[in-house]
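Here is the structure we will look at, set down as structure tokens.
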Amino acid sequence: MMSAFAQAVLNGIMNGALLAVPAVGFTMIFAVLRYPNFAIAAYISTGALAGWVANTWLGVGALPALVVAFAAAGLVGVAVEEAALARLRPSGALTVAIASIAANLVVENMLRFGFGNDLRGYDLPLRPDFRIAGLRIGPQAVETFLLAAVVMAVLFLFLRFARLGRAMRAVADNPDLARLKGISPRRVAMVAVFLGAGLAGGGGVLLGLDTAIDPLTGYRVLLSVFAAAVLGGLGSIPGAVVGALSIGLAEEVAMLAIPATYRSAIGFAAILLILTFRPRGLLGERAV
Amino acid sequence: MSLLEAQGIVAGYGAAEQILKGAGLRVEPGEIVTIIGPNGAGKSTLLKVVAGLVPMAEGRLVLDGRDVSSADAIGRARAGLAFMPQERNVFGAMTVAENLDVSGFLEPKAAKARAEAIYARYPVLAAKRRALARTLSGGQRQILGLAMALMTEPKILLLDEPSAGLSPKAADELFAAIVDLNRSGLAVLMVEQHALEALAISTRGYLLVAGRNAAEGRGPDLAEDPEIRRLFLGGA
Ligand SMILES: Nc1ncnc2c1ncn2[C@@H]1O[C@H](COP(=O)(O)OP(=O)(O)OP(=O)(O)O)[C@@H](O)[C@H]1O
Ligand SMILES: [Mg+2]
């Protein structure tokens, strides 16, 4: 029993790290543009499939596939923003959020048209699991975890030290003041969308390294990703990481007690609880 | 030639009635000019229009000989204008050092040296480099806002109620800092609720009432004007 619990905790941390990448993407778009972009689901799938193409057609490994997926999903995100969402922003966050659900369906169906509905797996060397202190660990899961950690670390360094990263935090904090300092919120918004959608795409590759993927891969994890971002406080990047780890852990640990078909109930429950008791989220600065 | 000249400014927020109904002002090089007026007169709106945060429906704005009427806030910042708003004038979730750095966005190469000069000038900021701006006291925050405005080495500095919410001592220090900057050649256009104190250090002043210019004069003269003293000292 004890070891089953420890195994669930370990799996939960891995699961959480994997969710953290798209959750940070989602919350980053929210921080700068102030609307929840549900098309993130389709960006995850875009990345998963772009990474699959790079991996199986071009034969590249996980890291280059991640880069390809980041770029592909980022570009799709910017295209959707430019073509549809940006012009709706004056009508308010709710309008854009609804439009993003529609955009999600459009991109998802384009992916289905292009790739079909089949499940696909990445072409990866098969490596046996190893055991440490009675816990089963897959080498692929370790690699995925490390990739997620590296992506997060690069992002944190970018936001803390890069000129553009700081400009992005400034716009998230106070767009008018940023304009007075010569920073264009419009341009920063595009960068945020590219990075946010790119992170979603990177998350798609991490999912693909873990399980089989299809055009609905993103849709299946959307609730967990959204719950992670809400739990951490929408717009808070460290919050999204904490939220993702919490949701990841809760999902795995709950599986010890409830059937796997109820897995998505965890995300729902987390959203309800946090909105009831702490609407700003665990690390959120402002009320949503 | 005036450093800044605003003529016939008509502006407001969206569909509602215009707030400014033909206000105007000018600032000569080296001046401190103060705008005073009752609450809701449109003083903040006027500064926001000049800075480019609120669009003007009518009017003309000339900065250092250039017509900047159609320039946006970024263009006006580039043209040498800096504005410290009345509220939310620092990036609360960023450190003091990051606030200064990001305020030097337009000239990243010069930002480091300028920040060092600011730390030398305002030791209170140097001591708080790594503190988040939202953890600063009111006085420290206003100094940071002022310092951020200086990061672009502006030709003219716009300040909206810089002394608001400060203790009398902190307000005096802030006014001293403003006079000090002005002595080194920077023109200042400010709005102040502490009208008499502000007029006392001003070259000239404007009284704005209901979106229109109601009076104009030398700072000390306005401060002595019985009508204005009645308005701002409640009948004294
Ligand atoms: N963002 C806004 N949207 C709509 N109306 C606004 C906005 N900001 C100010 N107003 C309105 O414009 C009018 C003038 O406001 P403004 O802030 O310019 O006055 P003020 O002279 O600076 O007053 P105070 O002394 O209180 O700072 C007020 O009636 C105010 O309600
Ligand atoms: Mg005001």
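Chain labels run A, B, ... following the order of the structure tokens; each chain numbers its residues from 1, and ligands are numbered from 1 in the order shown.
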**Request:** Name the residues, by chain letter and number, that sit within 8 Å of ligand 1 using only C-alpha atoms and all ligand atoms, and give them as a ChimeraX atom specification.
**Result:** /B:12-14,16,19,37-46,86,160-161,191,193,208,211
**Prompt:** So which residues of range 160-210 of chain B fall under strand (DSSP E or B) by DSSP, listed as a ChimeraX atom specification?
**Reply:** /B:160,187-191,204-209
**Request:** For chain A, work out the contacting residues on chain B at 7 Å, counting only C-alpha atoms, and write them as a list in words.
**Result:**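 Listed by rising number, the hits are Ala73, Ile74, Ala77, Phe83, Asn89, Phe91, Ala93, Val102, Ser103, Phe105 and Leu106 of chain B.
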**Item:** For ligand 2, the nearest of the candidates B:Pro154, B:Pro85, B:Gly75, B:Gly30, counting only C-alpha atoms and all ligand atoms
**Value:** B:Pro85
**Every residue of range 1-245 of chain A that DSSP places in helix (DSSP H, G or I), as a PyMOL selection string** = chain A and resi 2-33+40-56+62-91+93-115+139-161+163-173+175-180+185-210+217-232+237-245
**Asked** Excluding same-chain residues fewer than 4 positions from Arg129 in chain B, what lies within 8 Å of it counting only C-alpha atoms, as a list in words?
**Response**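 Residues near the query, excluding close chain neighbours: Thr95, Val96, Ala97 and Leu125 of chain B.
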Written selection (C-alpha atoms) as a short mmCIF file (atom, residue, chain, number, x, y, z; two decimals), in the first residue's frame:
```cif
data_model
loop_
_atom_site.label_atom_id
_atom_site.label_comp_id
_atom_site.auth_asym_id
_atom_site.auth_seq_id
_atom_site.Cartn_x
_atom_site.Cartn_y
_atom_site.Cartn_z
CA THR B 95 11.84 44.84 -8.31
CA VAL B 96 13.12 48.42 -8.07
CA ALA B 97 16.05 47.51 -10.34
CA LEU B 125 16.29 53.39 -4.13
#
```
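Compared by their closest atoms to ligand 2, and using only C-alpha atoms and all ligand atoms, the residues B:Ala215, B:Ala177, B:Leu199, B:Ala164 rank with B:Ala164 nearest.
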**Request:** Take CA of Ala79 in chain A and CA of Met190 in chain A and report the distance between them in Å, one decimal.
**Result:** 9.8 Å
**Request:** Go through B:Asp172, B:Glu116, B:Glu98, B:Glu197 and flag the residue nearest Leu222 in chain B, using only C-alpha atoms for the distances.
**Result:**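 For Leu222 in chain B, the nearest of the candidates is B:Glu197.
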**Request:** Within 9 Å of Leu100 in chain B, counting only C-alpha atoms, which residues show up once you throw out same-chain ones fewer than 3 positions away? Write them as a VMD selection string, please.
**Result:** chain B and resid 95 to 97 103 to 104 111 to 112 114 to 115 118 144 147 to 149 151
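For the choices A:Gly281, A:Arg34, A:Glu252, A:Ala244, the atom-to-atom distance to Pro90 in chain A is smallest for A:Arg34 when using only C-alpha atoms.
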**Message:** Excluding Gly24 in chain B and its own-chain neighbours fewer than 6 positions away, which residues fall within 7 Å of it when counting only C-alpha atoms? Please give them as a PyMOL selection string.
**Reply:** chain B and resi 6-9+213
**Item:** range 108-115 of chain A surroundings by only C-alpha atoms, 12 Å radius, close-in-sequence under 5 positions cut, as a ChimeraX atom specification
**Value:** /A:38-50,52-53,73,76,100-103,120,213-219
Take the residues just selected and output them with N, CA and C atoms as an mmCIF file, in the first residue's frame.
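File written: out_23.cif
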```
data_model
loop_
_atom_site.group_PDB
_atom_site.id
_atom_site.type_symbol
_atom_site.label_atom_id
_atom_site.label_comp_id
_atom_site.auth_asym_id
_atom_site.auth_seq_id
_atom_site.Cartn_x
_atom_site.Cartn_y
_atom_site.Cartn_z
ATOM 1 N N PHE A 38 -8.728 29.204 -24.933
ATOM 2 C CA PHE A 38 -8.995 27.767 -24.903
ATOM 3 C C PHE A 38 -8.498 27.065 -26.165
ATOM 4 N N ALA A 39 -8.106 27.836 -27.177
ATOM 5 C CA ALA A 39 -7.523 27.219 -28.375
ATOM 6 C C ALA A 39 -6.195 26.563 -28.032
ATOM 7 N N ILE A 40 -5.725 26.770 -26.817
ATOM 8 C CA ILE A 40 -4.499 26.145 -26.354
ATOM 9 C C ILE A 40 -4.566 24.617 -26.548
ATOM 10 N N ALA A 41 -5.772 24.054 -26.450
ATOM 11 C CA ALA A 41 -5.924 22.604 -26.651
ATOM 12 C C ALA A 41 -5.441 22.221 -28.050
ATOM 13 N N ALA A 42 -5.888 22.994 -29.044
ATOM 14 C CA ALA A 42 -5.489 22.686 -30.421
ATOM 15 C C ALA A 42 -3.997 22.954 -30.628
ATOM 16 N N TYR A 43 -3.449 23.914 -29.885
ATOM 17 C CA TYR A 43 -2.009 24.184 -30.018
ATOM 18 C C TYR A 43 -1.196 23.024 -29.440
ATOM 19 N N ILE A 44 -1.726 22.426 -28.370
ATOM 20 C CA ILE A 44 -1.060 21.243 -27.809
ATOM 21 C C ILE A 44 -1.039 20.134 -28.862
ATOM 22 N N SER A 45 -2.201 19.900 -29.499
ATOM 23 C CA SER A 45 -2.274 18.855 -30.521
ATOM 24 C C SER A 45 -1.380 19.193 -31.712
ATOM 25 N N THR A 46 -1.380 20.481 -32.105
ATOM 26 C CA THR A 46 -0.519 20.913 -33.212
ATOM 27 C C THR A 46 0.931 20.559 -32.898
ATOM 28 N N GLY A 47 1.363 20.883 -31.685
ATOM 29 C CA GLY A 47 2.735 20.584 -31.288
ATOM 30 C C GLY A 47 2.997 19.092 -31.248
ATOM 31 N N ALA A 48 2.037 18.348 -30.710
ATOM 32 C CA ALA A 48 2.214 16.897 -30.610
ATOM 33 C C ALA A 48 2.412 16.303 -32.002
ATOM 34 N N LEU A 49 1.592 16.753 -32.958
ATOM 35 C CA LEU A 49 1.684 16.201 -34.319
ATOM 36 C C LEU A 49 2.906 16.741 -35.064
ATOM 37 N N ALA A 50 3.224 18.014 -34.871
ATOM 38 C CA ALA A 50 4.423 18.566 -35.522
ATOM 39 C C ALA A 50 5.670 17.842 -35.019
ATOM 40 N N TRP A 52 5.678 14.836 -33.863
ATOM 41 C CA TRP A 52 5.606 13.481 -34.408
ATOM 42 C C TRP A 52 6.154 13.454 -35.837
ATOM 43 N N VAL A 53 5.779 14.464 -36.630
ATOM 44 C CA VAL A 53 6.290 14.545 -38.005
ATOM 45 C C VAL A 53 7.814 14.644 -37.976
ATOM 46 N N ALA A 73 3.519 25.346 -33.257
ATOM 47 C CA ALA A 73 2.356 25.745 -32.462
ATOM 48 C C ALA A 73 2.364 27.252 -32.232
ATOM 49 N N VAL A 76 1.055 28.882 -35.367
ATOM 50 C CA VAL A 76 -0.399 28.694 -35.487
ATOM 51 C C VAL A 76 -1.111 29.625 -34.503
ATOM 52 N N SER A 100 -12.181 31.817 -28.879
ATOM 53 C CA SER A 100 -11.043 30.900 -28.821
ATOM 54 C C SER A 100 -11.513 29.441 -28.809
ATOM 55 N N ILE A 101 -12.718 29.207 -28.254
ATOM 56 C CA ILE A 101 -13.279 27.847 -28.294
ATOM 57 C C ILE A 101 -13.600 27.485 -29.746
ATOM 58 N N ALA A 102 -14.167 28.454 -30.476
ATOM 59 C CA ALA A 102 -14.462 28.220 -31.894
ATOM 60 C C ALA A 102 -13.168 27.993 -32.671
ATOM 61 N N ALA A 103 -12.167 28.824 -32.390
ATOM 62 C CA ALA A 103 -10.880 28.677 -33.076
ATOM 63 C C ALA A 103 -10.280 27.304 -32.783
ATOM 64 N N ARG A 120 -1.205 7.852 -32.831
ATOM 65 C CA ARG A 120 0.157 7.688 -33.325
ATOM 66 C C ARG A 120 1.126 7.699 -32.162
ATOM 67 N N ILE A 213 -0.681 9.787 -29.401
ATOM 68 C CA ILE A 213 -1.321 11.081 -29.612
ATOM 69 C C ILE A 213 -2.243 11.053 -30.824
ATOM 70 N N ASP A 214 -3.126 12.025 -30.894
ATOM 71 C CA ASP A 214 -4.014 12.233 -32.044
ATOM 72 C C ASP A 214 -4.472 13.694 -32.006
ATOM 73 N N PRO A 215 -5.317 14.129 -32.941
ATOM 74 C CA PRO A 215 -5.702 15.555 -32.931
ATOM 75 C C PRO A 215 -6.490 15.979 -31.687
ATOM 76 N N LEU A 216 -6.974 15.022 -30.899
ATOM 77 C CA LEU A 216 -7.729 15.393 -29.698
ATOM 78 C C LEU A 216 -6.891 15.318 -28.426
ATOM 79 N N THR A 217 -5.602 15.075 -28.593
ATOM 80 C CA THR A 217 -4.703 14.981 -27.436
ATOM 81 C C THR A 217 -4.810 16.214 -26.535
ATOM 82 N N GLY A 218 -4.792 17.381 -27.140
ATOM 83 C CA GLY A 218 -4.847 18.619 -26.368
ATOM 84 C C GLY A 218 -6.171 18.774 -25.657
ATOM 85 N N TYR A 219 -7.238 18.418 -26.387
ATOM 86 C CA TYR A 219 -8.569 18.558 -25.816
ATOM 87 C C TYR A 219 -8.702 17.711 -24.552
#
```
**Prompt:** Pick from B:Pro226, B:Gly219, B:Pro162, B:Pro123: nearest to ligand 2, with only C-alpha atoms and all ligand atoms counted?
**Reply:**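 Of the candidates, the smallest distance to ligand 2 is held by B:Pro162.
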**Message:** Ranking A:Leu124, A:Leu159, A:Ala62, A:Val193 by minimum distance to Val78 in chain A and counting only C-alpha atoms, which one comes first?
**Reply:**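 Residue with the minimum atom-to-atom distance to Val78 in chain A: A:Val193.
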